[in-house]
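Engineer: Contents are TSV, C-alpha atoms; file name run36.tsv:
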```
chain	number	residue	atom	x	y	z
A	1	MET	CA	5.91	-4.49	-50.58
A	2	PRO	CA	6.29	-0.78	-51.35
A	3	ASP	CA	8.68	1.39	-49.42
A	4	ILE	CA	6.42	3.35	-47.08
A	5	ARG	CA	8.04	6.32	-45.38
A	6	VAL	CA	7.29	6.01	-41.66
A	7	ALA	CA	8.15	8.39	-38.81
A	8	LEU	CA	8.49	6.95	-35.31
A	9	LEU	CA	7.75	8.90	-32.14
A	10	THR	CA	8.41	7.65	-28.62
A	11	ILE	CA	6.54	9.48	-25.88
A	12	SER	CA	8.29	9.15	-22.54
A	13	ASP	CA	9.34	11.14	-19.49
A	14	THR	CA	11.90	8.51	-18.48
A	15	ARG	CA	13.55	7.19	-21.65
A	16	SER	CA	16.03	8.58	-24.14
A	17	LEU	CA	16.71	7.41	-27.69
A	18	ALA	CA	19.68	5.48	-26.26
A	19	ASP	CA	17.44	3.21	-24.15
A	20	ASP	CA	14.23	3.26	-26.21
A	21	LYS	CA	13.58	-0.48	-26.55
A	22	SER	CA	10.12	-0.11	-28.12
A	23	GLY	CA	11.32	2.48	-30.63
A	24	ASP	CA	14.26	0.22	-31.51
A	25	LEU	CA	11.85	-2.67	-32.08
A	26	LEU	CA	9.68	-0.60	-34.40
A	27	ALA	CA	12.73	0.59	-36.35
A	28	ARG	CA	13.82	-3.05	-36.82
A	29	PHE	CA	10.32	-4.10	-37.90
A	30	LEU	CA	10.27	-1.31	-40.49
A	31	ALA	CA	13.68	-2.31	-41.84
A	32	THR	CA	12.74	-6.00	-42.00
A	33	ASP	CA	9.63	-5.13	-44.03
A	34	LYS	CA	11.71	-2.80	-46.25
A	35	HIS	CA	9.96	0.40	-45.21
A	36	HIS	CA	11.88	3.64	-44.92
A	37	LEU	CA	12.44	5.27	-41.53
A	38	ALA	CA	11.64	8.88	-42.43
A	39	ASP	CA	12.47	10.23	-38.96
A	40	ARG	CA	12.62	9.14	-35.34
A	41	GLN	CA	12.14	11.37	-32.33
A	42	LEU	CA	11.43	11.15	-28.61
A	43	VAL	CA	9.34	13.74	-26.75
A	44	ARG	CA	8.19	14.03	-23.16
A	45	ASP	CA	4.62	13.07	-22.33
A	46	ASP	CA	3.15	16.51	-22.92
A	47	ILE	CA	0.15	17.21	-25.12
A	48	TYR	CA	1.77	20.14	-26.90
A	49	ALA	CA	5.18	18.52	-27.42
A	50	ILE	CA	3.48	15.44	-28.90
A	51	ARG	CA	1.10	17.47	-31.04
A	52	ALA	CA	3.91	19.71	-32.33
A	53	GLN	CA	6.05	16.79	-33.52
A	54	VAL	CA	3.15	14.87	-35.06
A	55	SER	CA	1.87	18.05	-36.75
A	56	GLN	CA	5.31	18.65	-38.27
A	57	TRP	CA	5.24	15.16	-39.83
A	58	ILE	CA	1.62	15.50	-40.97
A	59	ALA	CA	2.64	18.64	-42.89
A	60	ASP	CA	5.59	16.82	-44.51
A	61	SER	CA	4.46	15.20	-47.77
A	62	GLN	CA	7.39	12.78	-47.51
A	63	VAL	CA	5.94	11.13	-44.36
A	64	GLN	CA	3.21	8.65	-45.23
A	65	ALA	CA	2.70	7.06	-41.82
A	66	ILE	CA	3.47	7.85	-38.19
A	67	ILE	CA	3.71	5.30	-35.41
A	68	THR	CA	3.88	6.48	-31.81
A	69	THR	CA	4.64	4.43	-28.75
A	70	GLY	CA	3.88	5.41	-25.17
A	71	GLY	CA	1.49	7.71	-23.34
A	72	THR	CA	-1.67	5.71	-24.06
A	73	GLY	CA	-2.50	4.70	-20.48
A	74	PHE	CA	-4.52	6.40	-17.73
A	75	THR	CA	-1.97	8.06	-15.49
A	76	GLY	CA	-1.99	11.82	-15.14
A	77	ARG	CA	0.93	12.13	-17.57
A	78	ASP	CA	-0.50	9.82	-20.29
A	79	SER	CA	-1.69	12.27	-22.94
A	80	THR	CA	-1.07	10.74	-26.36
A	81	PRO	CA	-4.76	10.29	-27.32
A	82	GLU	CA	-5.61	13.84	-26.20
A	83	ALA	CA	-2.68	15.19	-28.22
A	84	ILE	CA	-3.26	13.23	-31.41
A	85	ALA	CA	-7.00	12.57	-31.79
A	86	PRO	CA	-7.86	16.27	-32.44
A	87	LEU	CA	-5.49	16.18	-35.44
A	88	PHE	CA	-7.40	13.39	-37.19
A	89	ASP	CA	-9.45	14.05	-40.30
A	90	LYS	CA	-10.74	10.48	-39.96
A	91	HIS	CA	-10.56	8.07	-37.05
A	92	ILE	CA	-9.63	4.44	-37.65
A	93	GLU	CA	-11.89	3.11	-34.89
A	94	GLY	CA	-11.10	-0.51	-35.68
A	95	PHE	CA	-7.39	-0.12	-34.93
A	96	GLY	CA	-7.81	0.44	-31.21
A	97	GLU	CA	-10.63	-2.07	-31.02
A	98	LEU	CA	-8.61	-4.78	-32.76
A	99	PHE	CA	-5.50	-4.00	-30.72
A	100	ARG	CA	-7.42	-4.47	-27.47
A	101	GLN	CA	-9.08	-7.65	-28.73
A	102	LEU	CA	-5.72	-9.18	-29.65
A	103	SER	CA	-4.10	-7.88	-26.47
A	104	TYR	CA	-6.73	-9.63	-24.34
A	105	ASP	CA	-5.08	-12.99	-25.15
A	106	ASP	CA	-1.84	-11.72	-23.58
A	107	ILE	CA	-2.93	-9.54	-20.67
A	108	GLY	CA	-6.62	-10.33	-20.08
A	109	THR	CA	-8.89	-7.59	-18.87
A	110	SER	CA	-5.93	-5.24	-18.30
A	111	THR	CA	-6.31	-4.47	-22.01
A	112	ILE	CA	-9.09	-2.02	-21.14
A	113	GLN	CA	-6.35	0.28	-19.83
A	114	SER	CA	-4.95	0.69	-23.35
A	115	ARG	CA	-6.04	3.71	-25.32
A	116	ALA	CA	-4.33	2.64	-28.55
A	117	LEU	CA	-5.77	4.60	-31.46
A	118	GLY	CA	-5.41	5.22	-35.15
A	119	GLY	CA	-6.44	7.85	-37.64
A	120	LEU	CA	-5.72	9.75	-40.81
A	121	ALA	CA	-4.55	13.38	-40.94
A	122	ASN	CA	-3.68	15.25	-44.15
A	123	GLY	CA	-3.25	11.94	-45.96
A	124	THR	CA	-0.91	10.57	-43.26
A	125	LEU	CA	-1.68	7.36	-41.38
A	126	ILE	CA	-1.18	7.65	-37.62
A	127	PHE	CA	-1.10	4.71	-35.21
A	128	SER	CA	-0.52	5.10	-31.47
A	129	LEU	CA	0.63	2.05	-29.53
A	130	PRO	CA	1.30	1.56	-25.82
A	131	GLY	CA	4.93	1.87	-24.77
A	132	SER	CA	5.74	-1.71	-23.76
A	133	SER	CA	7.80	-3.87	-26.10
A	134	GLY	CA	5.09	-6.54	-25.93
A	135	ALA	CA	2.42	-4.09	-27.08
A	136	VAL	CA	4.63	-2.77	-29.86
A	137	THR	CA	5.39	-6.31	-31.06
A	138	LEU	CA	1.71	-7.30	-30.98
A	139	GLY	CA	0.63	-4.12	-32.78
A	140	TRP	CA	3.23	-4.55	-35.49
A	141	GLU	CA	3.11	-8.30	-36.05
A	142	GLN	CA	-0.65	-8.73	-35.88
A	143	ILE	CA	-1.93	-5.47	-37.40
A	144	LEU	CA	0.50	-2.97	-38.90
A	145	HIS	CA	2.74	-5.46	-40.69
A	146	HIS	CA	-0.30	-6.59	-42.70
A	147	GLN	CA	-1.94	-3.20	-43.20
A	148	LEU	CA	1.28	-1.64	-44.52
A	149	ASP	CA	1.79	-4.57	-46.94
A	150	ILE	CA	0.28	-3.86	-50.36
A	151	ASN	CA	-0.03	-7.60	-50.99
A	152	PHE	CA	-2.19	-8.31	-47.93
A	153	ARG	CA	-5.73	-9.32	-48.90
A	154	PRO	CA	-8.57	-8.65	-48.96
A	155	CYS	CA	-7.46	-5.04	-48.37
A	156	ASN	CA	-4.78	-2.90	-46.74
A	157	PHE	CA	-3.89	0.72	-46.06
A	158	ALA	CA	-0.74	0.59	-48.21
A	159	GLU	CA	-2.73	0.45	-51.44
A	160	LEU	CA	-4.93	3.36	-50.34
A	161	ILE	CA	-2.11	5.81	-49.53
A	162	PRO	CA	-2.20	7.43	-53.01
A	163	ARG	CA	-5.96	8.03	-52.61
A	164	PHE	CA	-6.07	9.56	-49.12
A	165	LEU	CA	-6.09	13.14	-50.39
A	166	GLU	CA	-8.76	12.63	-53.07
A	167	ARG	CA	-11.48	15.24	-53.03
```
Turn the structure described in the file into structure tokens.

Structural biologist:
Amino acid sequence: MPDIRVALLTISDTRSLADDKSGDLLARFLATDKHHLADRQLVRDDIYAIRAQVSQWIADSQVQAIITTGGTGFTGRDSTPEAIAPLFDKHIEGFGELFRQLSYDDIGTSTIQSRALGGLANGTLIFSLPGSSGAVTLGWEQILHHQLDINFRPCNFAELIPRFLER
């Protein structure tokens, strides 16, 4: 498995990096799969704070993937999709669809409240997961672990990373 450089962003108005259970889980998953943690930050649930941090990583050629956790629900403060989707050059529609399908087995129809999404911006993969540790674990173990593994067949995103900026 190649060493993919991944930045992690937690979106929360109530957590800090010291008590960020979901971010800690993602960092452990990356280490277990021998990926490189390029950076890790926490920002409040604010469209412009989220967009500013993600944009900084998108512009950094050393960051190949970004995973966010939090802010994907429907409360007034949940703004991750509104912050990130406008940055996409391409949407990965199937990511959110598959996440909700898999999540249905765990939480039933409550999965419709998840606005998990994925996309590609300036050659950088971006995946936004809900903030719960269960959602992060499901998203990693059942989707991202495989798609960031160059050996996963029949296809994966890891092998496409060098081709994302082809014109």

Engineer: Please provide the set of residues having any atom within 10 Å of A:Ser79, restricted to all atoms listed in the file, with same-chain residues fewer than 2 positions apart removed, written as a ChimeraX atom specification.

Structural biologist: /A:11,45-48,50,70-77,81-84,115

Engineer: Given only C-alpha atoms as the basis, pick out the residue of A:Ile143, A:Val6, A:Val136, A:Ala121 nearest to A:Lys34.

Structural biologist: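 Checking each candidate against A:Lys34, we get A:Val6 as the closest.
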
Engineer: Specify the axis-aligned box that encloses all atoms of stretch 124-137 of chain A listed in the file after padding of 8 Å on each side, stating its centre and edge lengths in Å to one decimal as lines of an AutoDock Vina configuration file.

Structural biologist:
```
center_x = 3.1
center_y = 2.0
center_z = -33.5
size_x = 25.5
size_y = 33.1
size_z = 35.5
```

Engineer: Find, counting only C-alpha atoms, the residue in A:Leu148, A:Leu138, A:Ile92, A:Ile161 that gets nearest to A:Asp106.

Structural biologist: A:Leu138

Engineer: How many Å lie between atom CA of A:His36 and atom CA of A:Asp3, rounded to one decimal?

Structural biologist: 6.0 Å

Engineer: Under the rule that all atoms listed in the file are counted, which of A:Asp89, A:Leu42, A:Leu37, A:Thr32 is the nearest residue to A:Arg15?

Structural biologist: A:Leu42

Engineer: A:Leu8, A:Ala59, A:Ile107, A:Ile112: which is nearest A:Asp20, counting all atoms listed in the file?

Structural biologist: A:Leu8

Engineer: Work out how far apart atom CA of A:Ser128 and atom CA of A:Leu9 are and give it in Å to one decimal.

Structural biologist: 9.1 Å

Engineer: For A:His91, which residue out of A:Leu129, A:Ala52, A:Leu120, A:Leu30 is the nearest one, using only C-alpha atoms?

Structural biologist: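 Checking each of A:Leu129, A:Ala52, A:Leu120, A:Leu30 against A:His91, counting only C-alpha atoms, the winner is A:Leu120.
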
Engineer: Rank A:Ala116, A:Val63, A:Leu165, A:Cys155 by their smallest atom-to-atom distance to A:Ala85, using only C-alpha atoms, and report the top residue only.

Structural biologist: A:Ala116

Engineer: Tell me, as number ranges by chain, which residues lie within 12 Å of A:Trp140, counting only C-alpha atoms; anything in the same chain fewer than 5 positions away does not count.

Structural biologist: A: 22-23, 25-30, 32-33, 67-69, 95, 99, 102, 127-130, 133-135, 145-149

Engineer: Just to confirm, what's the straight-line distance from atom CA of A:Asp60 to atom CA of A:Gly119 in Å (one decimal)?

Structural biologist: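 A separation of 16.5 Å between them.
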
Engineer: Mind checking which residues fall within 10 Å of A:Ser16, counting all atoms listed in the file, ignoring those fewer than 5 positions away in the same chain, and posting them as a ChimeraX atom specification?

Structural biologist: /A:10-11,21,41-44

Engineer: Just want the 12 Å neighbourhood of A:Phe164, counted on all atoms listed in the file, with same-chain residues fewer than 2 positions away dropped. Output as a ChimeraX atom specification.

Structural biologist: /A:64-65,89-90,119-125,157-162,166-167
